[in-house]
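Text of structure_35.cif (mmCIF, N, CA and C atoms and all ligand atoms) as supplied:
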```
data_model
#
loop_
_atom_site.label_atom_id
_atom_site.label_comp_id
_atom_site.auth_asym_id
_atom_site.auth_seq_id
_atom_site.Cartn_x
_atom_site.Cartn_y
_atom_site.Cartn_z
N MET A 1 26.08 -12.30 1.53
CA MET A 1 24.92 -12.47 2.43
C MET A 1 23.90 -11.35 2.19
N CYS A 2 22.61 -11.65 2.12
CA CYS A 2 21.61 -10.63 1.84
C CYS A 2 21.33 -9.76 3.08
N ILE A 3 20.68 -8.62 2.84
CA ILE A 3 20.41 -7.64 3.92
C ILE A 3 19.68 -8.30 5.10
N PHE A 4 18.66 -9.11 4.77
CA PHE A 4 17.86 -9.69 5.86
C PHE A 4 18.64 -10.78 6.61
N CYS A 5 19.52 -11.50 5.91
CA CYS A 5 20.37 -12.47 6.61
C CYS A 5 21.32 -11.72 7.56
N LYS A 6 21.76 -10.53 7.15
CA LYS A 6 22.62 -9.71 8.02
C LYS A 6 21.84 -9.22 9.24
N ILE A 7 20.56 -8.95 9.04
CA ILE A 7 19.71 -8.55 10.18
C ILE A 7 19.55 -9.73 11.14
N VAL A 8 19.34 -10.92 10.59
CA VAL A 8 19.22 -12.13 11.42
C VAL A 8 20.51 -12.34 12.23
N ASP A 9 21.64 -12.13 11.58
CA ASP A 9 22.95 -12.31 12.24
C ASP A 9 23.31 -11.19 13.20
N GLY A 10 22.55 -10.08 13.15
CA GLY A 10 22.84 -8.94 14.02
C GLY A 10 23.90 -8.01 13.45
N GLU A 11 24.32 -8.30 12.22
CA GLU A 11 25.34 -7.46 11.56
C GLU A 11 24.75 -6.10 11.21
N ILE A 12 23.45 -6.10 10.85
CA ILE A 12 22.70 -4.86 10.62
C ILE A 12 21.67 -4.77 11.74
N PRO A 13 21.63 -3.65 12.47
CA PRO A 13 20.66 -3.55 13.57
C PRO A 13 19.22 -3.45 13.07
N SER A 14 18.28 -3.91 13.87
CA SER A 14 16.87 -3.79 13.53
C SER A 14 16.06 -3.60 14.80
N ASN A 15 14.89 -3.04 14.61
CA ASN A 15 13.99 -2.80 15.73
C ASN A 15 13.05 -4.01 15.84
N LYS A 16 13.40 -4.96 16.67
CA LYS A 16 12.69 -6.24 16.72
C LYS A 16 11.38 -6.18 17.51
N ILE A 17 10.41 -6.90 16.99
CA ILE A 17 9.09 -7.01 17.65
C ILE A 17 8.93 -8.38 18.29
N LEU A 18 9.30 -9.42 17.54
CA LEU A 18 9.12 -10.80 18.01
C LEU A 18 10.14 -11.70 17.31
N GLU A 19 10.59 -12.70 18.07
CA GLU A 19 11.58 -13.63 17.50
C GLU A 19 11.25 -15.04 17.96
N SER A 20 11.42 -16.01 17.07
CA SER A 20 11.31 -17.43 17.46
C SER A 20 12.54 -18.11 16.89
N GLU A 21 12.61 -19.42 17.08
CA GLU A 21 13.75 -20.16 16.54
C GLU A 21 13.82 -20.02 15.02
N GLU A 22 12.63 -19.97 14.42
CA GLU A 22 12.54 -20.01 12.95
C GLU A 22 12.32 -18.66 12.27
N PHE A 23 11.70 -17.70 13.01
CA PHE A 23 11.26 -16.46 12.37
C PHE A 23 11.67 -15.22 13.16
N LEU A 24 11.64 -14.09 12.44
CA LEU A 24 11.96 -12.81 13.05
C LEU A 24 11.01 -11.75 12.50
N CYS A 25 10.55 -10.86 13.40
CA CYS A 25 9.71 -9.74 12.99
C CYS A 25 10.37 -8.45 13.47
N PHE A 26 10.47 -7.48 12.58
CA PHE A 26 11.07 -6.18 12.93
C PHE A 26 10.40 -5.08 12.12
N HIS A 27 10.60 -3.84 12.57
CA HIS A 27 10.01 -2.68 11.88
C HIS A 27 10.68 -2.46 10.53
N ASP A 28 9.86 -2.12 9.51
CA ASP A 28 10.41 -1.72 8.22
C ASP A 28 11.10 -0.36 8.40
N VAL A 29 12.28 -0.22 7.81
CA VAL A 29 13.06 1.00 7.97
C VAL A 29 12.40 2.19 7.26
N ASN A 30 11.53 1.91 6.29
CA ASN A 30 10.86 2.96 5.51
C ASN A 30 9.34 2.71 5.55
N PRO A 31 8.72 3.00 6.70
CA PRO A 31 7.32 2.59 6.88
C PRO A 31 6.34 3.27 5.92
N ARG A 32 5.41 2.46 5.39
CA ARG A 32 4.38 2.96 4.47
C ARG A 32 3.02 3.04 5.16
N ALA A 33 3.00 2.80 6.45
CA ALA A 33 1.76 2.85 7.25
C ALA A 33 2.19 3.09 8.69
N PRO A 34 1.26 3.53 9.55
CA PRO A 34 1.64 3.77 10.95
C PRO A 34 2.31 2.55 11.59
N ILE A 35 1.83 1.36 11.23
CA ILE A 35 2.52 0.13 11.65
C ILE A 35 2.95 -0.59 10.37
N HIS A 36 4.22 -0.79 10.21
CA HIS A 36 4.74 -1.49 9.04
C HIS A 36 5.88 -2.39 9.51
N LEU A 37 5.55 -3.68 9.58
CA LEU A 37 6.51 -4.67 10.07
C LEU A 37 6.89 -5.63 8.96
N LEU A 38 8.05 -6.23 9.11
CA LEU A 38 8.50 -7.27 8.19
C LEU A 38 8.64 -8.56 8.97
N ILE A 39 8.18 -9.65 8.37
CA ILE A 39 8.27 -10.96 9.01
C ILE A 39 9.04 -11.89 8.07
N ILE A 40 10.12 -12.44 8.58
CA ILE A 40 11.01 -13.24 7.71
C ILE A 40 11.36 -14.58 8.36
N PRO A 41 11.61 -15.59 7.50
CA PRO A 41 12.23 -16.81 8.05
C PRO A 41 13.70 -16.49 8.31
N LYS A 42 14.27 -17.04 9.36
CA LYS A 42 15.70 -16.78 9.65
C LYS A 42 16.59 -17.43 8.59
N ALA A 43 16.17 -18.57 8.10
CA ALA A 43 16.93 -19.25 7.05
C ALA A 43 16.67 -18.54 5.73
N HIS A 44 17.70 -18.39 4.93
CA HIS A 44 17.54 -17.68 3.66
C HIS A 44 16.71 -18.47 2.66
N VAL A 45 15.57 -17.90 2.30
CA VAL A 45 14.71 -18.43 1.24
C VAL A 45 14.43 -17.22 0.36
N GLU A 46 14.66 -17.36 -0.94
CA GLU A 46 14.55 -16.16 -1.77
C GLU A 46 13.11 -15.84 -2.15
N LYS A 47 12.44 -16.80 -2.73
CA LYS A 47 11.12 -16.50 -3.30
C LYS A 47 10.03 -17.43 -2.76
N PHE A 48 8.80 -17.00 -3.02
CA PHE A 48 7.65 -17.79 -2.56
C PHE A 48 7.71 -19.21 -3.12
N GLN A 49 8.14 -19.34 -4.37
CA GLN A 49 8.20 -20.68 -4.98
C GLN A 49 9.27 -21.57 -4.34
N ASP A 50 10.15 -20.97 -3.55
CA ASP A 50 11.17 -21.75 -2.84
C ASP A 50 10.72 -22.14 -1.44
N ALA A 51 9.60 -21.60 -0.99
CA ALA A 51 9.16 -21.84 0.39
C ALA A 51 8.49 -23.20 0.52
N SER A 52 8.86 -23.93 1.57
CA SER A 52 8.22 -25.23 1.80
C SER A 52 6.85 -25.01 2.44
N SER A 53 6.00 -26.02 2.30
CA SER A 53 4.67 -25.90 2.93
C SER A 53 4.81 -25.89 4.45
N GLU A 54 5.88 -26.51 4.95
CA GLU A 54 6.12 -26.51 6.40
C GLU A 54 6.44 -25.09 6.88
N LEU A 55 7.28 -24.40 6.12
CA LEU A 55 7.62 -23.01 6.47
C LEU A 55 6.35 -22.16 6.47
N MET A 56 5.54 -22.30 5.42
CA MET A 56 4.33 -21.47 5.32
C MET A 56 3.34 -21.81 6.42
N ALA A 57 3.30 -23.08 6.81
CA ALA A 57 2.40 -23.45 7.91
C ALA A 57 2.91 -22.86 9.22
N ASN A 58 4.22 -22.92 9.43
CA ASN A 58 4.78 -22.45 10.70
C ASN A 58 4.75 -20.93 10.85
N ILE A 59 4.82 -20.23 9.72
CA ILE A 59 4.86 -18.76 9.80
C ILE A 59 3.47 -18.20 10.16
N THR A 60 2.44 -18.98 9.91
CA THR A 60 1.08 -18.50 10.19
C THR A 60 0.87 -18.15 11.67
N PRO A 61 1.10 -19.06 12.60
CA PRO A 61 0.90 -18.69 14.01
C PRO A 61 1.88 -17.61 14.47
N PHE A 62 3.04 -17.53 13.85
CA PHE A 62 4.00 -16.47 14.22
C PHE A 62 3.43 -15.10 13.83
N ILE A 63 2.89 -15.00 12.62
CA ILE A 63 2.29 -13.73 12.17
C ILE A 63 1.08 -13.39 13.04
N GLN A 64 0.30 -14.41 13.35
CA GLN A 64 -0.88 -14.19 14.20
C GLN A 64 -0.46 -13.65 15.56
N GLU A 65 0.64 -14.16 16.08
CA GLU A 65 1.13 -13.69 17.38
C GLU A 65 1.60 -12.23 17.30
N VAL A 66 2.26 -11.89 16.19
CA VAL A 66 2.71 -10.51 15.98
C VAL A 66 1.49 -9.57 15.95
N ALA A 67 0.49 -9.93 15.14
CA ALA A 67 -0.70 -9.07 15.00
C ALA A 67 -1.40 -8.90 16.34
N SER A 68 -1.47 -9.98 17.08
CA SER A 68 -2.11 -9.94 18.39
C SER A 68 -1.31 -9.05 19.34
N LYS A 69 0.00 -9.21 19.33
CA LYS A 69 0.89 -8.42 20.19
C LYS A 69 0.78 -6.93 19.87
N MET A 70 0.56 -6.60 18.60
CA MET A 70 0.46 -5.20 18.19
C MET A 70 -0.96 -4.66 18.36
N GLY A 71 -1.88 -5.51 18.84
CA GLY A 71 -3.26 -5.07 19.09
C GLY A 71 -4.05 -4.81 17.81
N LEU A 72 -3.76 -5.59 16.76
CA LEU A 72 -4.37 -5.32 15.45
C LEU A 72 -5.54 -6.22 15.10
N ASN A 73 -5.87 -7.16 16.00
CA ASN A 73 -6.91 -8.12 15.62
C ASN A 73 -8.28 -7.49 15.40
N LEU A 74 -8.63 -6.48 16.20
CA LEU A 74 -9.94 -5.84 16.03
C LEU A 74 -9.96 -4.90 14.84
N SER A 75 -8.92 -4.09 14.71
CA SER A 75 -8.89 -3.07 13.65
C SER A 75 -8.57 -3.67 12.28
N GLY A 76 -7.85 -4.78 12.26
CA GLY A 76 -7.47 -5.41 11.00
C GLY A 76 -6.10 -4.94 10.52
N TYR A 77 -5.64 -5.59 9.48
CA TYR A 77 -4.31 -5.29 8.94
C TYR A 77 -4.18 -5.93 7.57
N ARG A 78 -3.10 -5.61 6.89
CA ARG A 78 -2.86 -6.18 5.57
C ARG A 78 -1.53 -6.93 5.56
N LEU A 79 -1.55 -8.11 4.95
CA LEU A 79 -0.32 -8.89 4.76
C LEU A 79 0.02 -8.87 3.28
N ILE A 80 1.27 -8.55 2.98
CA ILE A 80 1.72 -8.48 1.59
C ILE A 80 2.99 -9.29 1.42
N LEU A 81 3.04 -10.04 0.33
CA LEU A 81 4.27 -10.76 -0.01
C LEU A 81 4.62 -10.37 -1.45
N ASN A 82 5.56 -9.46 -1.59
CA ASN A 82 6.02 -9.07 -2.92
C ASN A 82 6.97 -10.16 -3.42
N ASN A 83 6.64 -10.73 -4.59
CA ASN A 83 7.43 -11.88 -5.07
C ASN A 83 7.97 -11.63 -6.47
N GLY A 84 9.31 -11.61 -6.58
CA GLY A 84 9.95 -11.45 -7.89
C GLY A 84 9.81 -10.04 -8.44
N GLU A 85 10.29 -9.89 -9.67
CA GLU A 85 10.41 -8.54 -10.25
C GLU A 85 9.06 -7.84 -10.41
N ASP A 86 8.10 -8.50 -11.06
CA ASP A 86 6.80 -7.85 -11.26
C ASP A 86 6.07 -7.65 -9.94
N GLY A 87 6.37 -8.48 -8.98
CA GLY A 87 5.75 -8.34 -7.65
C GLY A 87 6.37 -7.23 -6.83
N GLY A 88 7.45 -6.65 -7.32
CA GLY A 88 8.08 -5.53 -6.62
C GLY A 88 8.98 -5.95 -5.48
N GLN A 89 9.49 -7.19 -5.54
CA GLN A 89 10.39 -7.66 -4.48
C GLN A 89 11.77 -7.03 -4.65
N GLU A 90 12.18 -6.26 -3.63
CA GLU A 90 13.49 -5.61 -3.70
C GLU A 90 14.54 -6.37 -2.91
N VAL A 91 14.15 -6.94 -1.80
CA VAL A 91 15.10 -7.72 -0.99
C VAL A 91 14.88 -9.21 -1.31
N PRO A 92 15.92 -9.87 -1.79
CA PRO A 92 15.75 -11.27 -2.25
C PRO A 92 15.77 -12.28 -1.10
N HIS A 93 14.96 -12.02 -0.10
CA HIS A 93 14.81 -12.92 1.06
C HIS A 93 13.33 -12.84 1.42
N LEU A 94 12.65 -13.97 1.27
CA LEU A 94 11.19 -14.03 1.49
C LEU A 94 10.75 -13.25 2.73
N HIS A 95 9.74 -12.41 2.56
CA HIS A 95 9.25 -11.64 3.71
C HIS A 95 7.80 -11.24 3.51
N PHE A 96 7.08 -11.20 4.60
CA PHE A 96 5.75 -10.63 4.61
C PHE A 96 5.85 -9.21 5.13
N HIS A 97 5.08 -8.29 4.53
CA HIS A 97 4.86 -6.98 5.11
C HIS A 97 3.56 -7.07 5.89
N LEU A 98 3.56 -6.59 7.10
CA LEU A 98 2.32 -6.48 7.87
C LEU A 98 2.07 -4.99 8.08
N LEU A 99 0.98 -4.50 7.48
CA LEU A 99 0.67 -3.07 7.53
C LEU A 99 -0.64 -2.86 8.28
N GLY A 100 -0.65 -1.82 9.10
CA GLY A 100 -1.88 -1.52 9.83
C GLY A 100 -1.77 -0.19 10.54
N GLY A 101 -2.75 0.04 11.42
CA GLY A 101 -2.76 1.27 12.20
C GLY A 101 -3.53 2.39 11.53
N THR A 102 -4.09 2.12 10.35
CA THR A 102 -4.95 3.09 9.65
C THR A 102 -5.76 2.32 8.62
N LYS A 103 -6.79 2.97 8.07
CA LYS A 103 -7.57 2.36 6.99
C LYS A 103 -6.73 2.46 5.72
N LEU A 104 -6.32 1.33 5.20
CA LEU A 104 -5.42 1.32 4.04
C LEU A 104 -6.20 1.40 2.73
N SER A 105 -5.63 2.10 1.75
CA SER A 105 -6.31 2.18 0.46
C SER A 105 -6.10 0.89 -0.34
N TRP A 106 -6.98 0.68 -1.29
CA TRP A 106 -6.93 -0.51 -2.14
C TRP A 106 -7.57 -0.18 -3.48
N PRO A 107 -7.12 -0.58 -4.65
CA PRO A 107 -5.99 -1.48 -4.84
C PRO A 107 -4.65 -0.74 -4.83
N HIS A 108 -3.59 -1.50 -4.97
CA HIS A 108 -2.24 -0.95 -4.93
C HIS A 108 -1.73 -0.49 -6.28
N PHE A 109 -2.43 -0.87 -7.36
CA PHE A 109 -1.99 -0.45 -8.69
C PHE A 109 -2.92 0.65 -9.17
N SER A 110 -2.44 1.46 -10.13
CA SER A 110 -3.29 2.55 -10.60
C SER A 110 -4.31 2.00 -11.59
N PRO A 111 -5.52 2.62 -11.66
CA PRO A 111 -6.58 2.09 -12.53
C PRO A 111 -6.13 1.95 -13.98
N LYS A 112 -5.26 2.85 -14.47
CA LYS A 112 -4.83 2.77 -15.88
C LYS A 112 -4.01 1.51 -16.16
N GLU A 113 -3.50 0.90 -15.09
CA GLU A 113 -2.73 -0.33 -15.27
C GLU A 113 -3.62 -1.58 -15.25
N THR A 114 -4.89 -1.36 -14.94
CA THR A 114 -5.80 -2.50 -14.85
C THR A 114 -6.01 -3.11 -16.25
N HIS A 115 -5.97 -4.43 -16.32
CA HIS A 115 -6.17 -5.10 -17.60
C HIS A 115 -7.58 -4.86 -18.08
N LYS A 116 -7.73 -4.69 -19.40
CA LYS A 116 -9.05 -4.38 -20.01
C LYS A 116 -10.14 -5.37 -19.61
N SER A 117 -9.76 -6.63 -19.51
CA SER A 117 -10.78 -7.64 -19.24
C SER A 117 -11.24 -7.66 -17.79
N LEU A 118 -10.57 -6.90 -16.94
CA LEU A 118 -10.96 -6.92 -15.51
C LEU A 118 -12.17 -6.02 -15.28
P1 LIG A 201 10.23 -5.55 -0.84
O1 LIG A 201 10.14 -4.40 -1.80
O2 LIG A 201 11.40 -6.44 -1.13
O3 LIG A 201 8.94 -6.30 -0.69
O4 LIG A 201 10.43 -4.89 0.58
C1 LIG A 201 11.66 -4.71 1.19
C2 LIG A 201 11.41 -3.85 2.40
O5 LIG A 201 12.56 -3.92 3.21
C3 LIG A 201 11.17 -2.37 2.06
O6 LIG A 201 9.89 -1.97 2.57
C4 LIG A 201 12.32 -1.66 2.77
O7 LIG A 201 11.93 -0.44 3.35
C5 LIG A 201 12.77 -2.67 3.79
N1 LIG A 201 14.18 -2.62 4.11
C6 LIG A 201 15.22 -2.59 3.23
N2 LIG A 201 16.39 -2.58 3.88
C7 LIG A 201 16.09 -2.61 5.20
C8 LIG A 201 16.90 -2.61 6.40
O8 LIG A 201 18.14 -2.60 6.36
N3 LIG A 201 16.25 -2.64 7.60
C9 LIG A 201 14.89 -2.68 7.66
N4 LIG A 201 14.34 -2.69 8.89
N5 LIG A 201 14.10 -2.68 6.58
C10 LIG A 201 14.69 -2.64 5.36
ZN ZN A 202 18.84 -13.79 3.22
#
```

Could you render the structure from this file as structure tokens?
Ligand code: 5GP
Ligand code: ZN
Amino acid sequence: MCIFCKIVDGEIPSNKILESEEFLCFHDVNPRAPIHLLIIPKAHVEKFQDASSELMANITPFIQEVASKMGLNLSGYRLILNNGEDGGQEVPHLHFHLLGGTKLSWPHFSPKETHKSL
């Protein structure tokens, strides 16, 4: 069972923000911003290419509710979905990162990594 499935089952404790029948939101254990939350489907889905359009449609109002609950609608926030190896996905269970609480820098890659044609 993957780490996030263990969190869903309560086998690994987490600091929960919001829960529905289908989704769970909790604090990232290693925050990269003043607010750094993870939003996951409770059912194990590994990658973005495995996600159904129904799941992606349903997760939208859940994320919106989280952002609203955290008071981030005015200040803004960033949603990130790291997918697969090049995307930097470490936990093989689909998740969004929701980052906020400060002005975030952009882009996430170093300029020397930028493709010549960009
Ligand atoms: P990824 O690199 O897969 O997009 O992000 C995985 C995230 O999960 C990382 O930001 C990491 O800090 C977080 N994480 C890994 N294990 C745990 C855990 O056991 N509990 C919580 N709350 N977050 C975790
Ligand atoms: Zn899982």

Counting all atoms listed in the file, what is within 6 Å of Ser14 in chain A, bar same-chain residues fewer than 2 positions away, as a VMD selection string? chain A and resid 12 16 26 to 27

What does the distance from CA of Leu38 in chain A to CA of Ile17 in chain A come to in Å, to one decimal?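 Computing the Euclidean distance for CA of Leu38 in chain A and CA of Ile17 in chain A yields 9.5 Å.
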
Let me have all residues with an atom within 5 Å of ligand LIG 201 (chain A), counting all atoms listed in the file, laid out as a ChimeraX atom specification. /A:27-30,82,88-91

What separation in Å, quoted to one decimal, exists between atom N of Leu79 in chain A and CA of Leu99 in chain A? 6.1 Å

Using only N, CA and C atoms and all ligand atoms, find each residue with an atom at most 6 Å away from ligand ZN 202 (chain A) and format the answer as a PyMOL selection string. chain A and resi 1-6+43-45+92-93

Using only C-alpha atoms, find the one residue out of A:Pro13, A:Phe109, A:Glu65, A:Leu24 that sits nearest to Ile40 in chain A. A:Leu24

Quick check, in Å to one decimal: how far apart do CA of Val66 in chain A and CA of Leu18 in chain A lie?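 CA of Leu18 in chain A lies 6.7 Å from CA of Val66 in chain A.
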
My list of candidates is A:His36, A:Lys47, A:Lys69, A:Lys42. Which is closest to His97 in chain A when distances are computed with all atoms listed in the file?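 Closest to His97 in chain A, using all atoms listed in the file: A:His36.
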
From the set A:Pro41, A:Pro34, A:Gly71, A:Pro107, which residue has the shortest atom-to-atom contact distance to His95 in chain A, counting all atoms listed in the file? A:Pro41
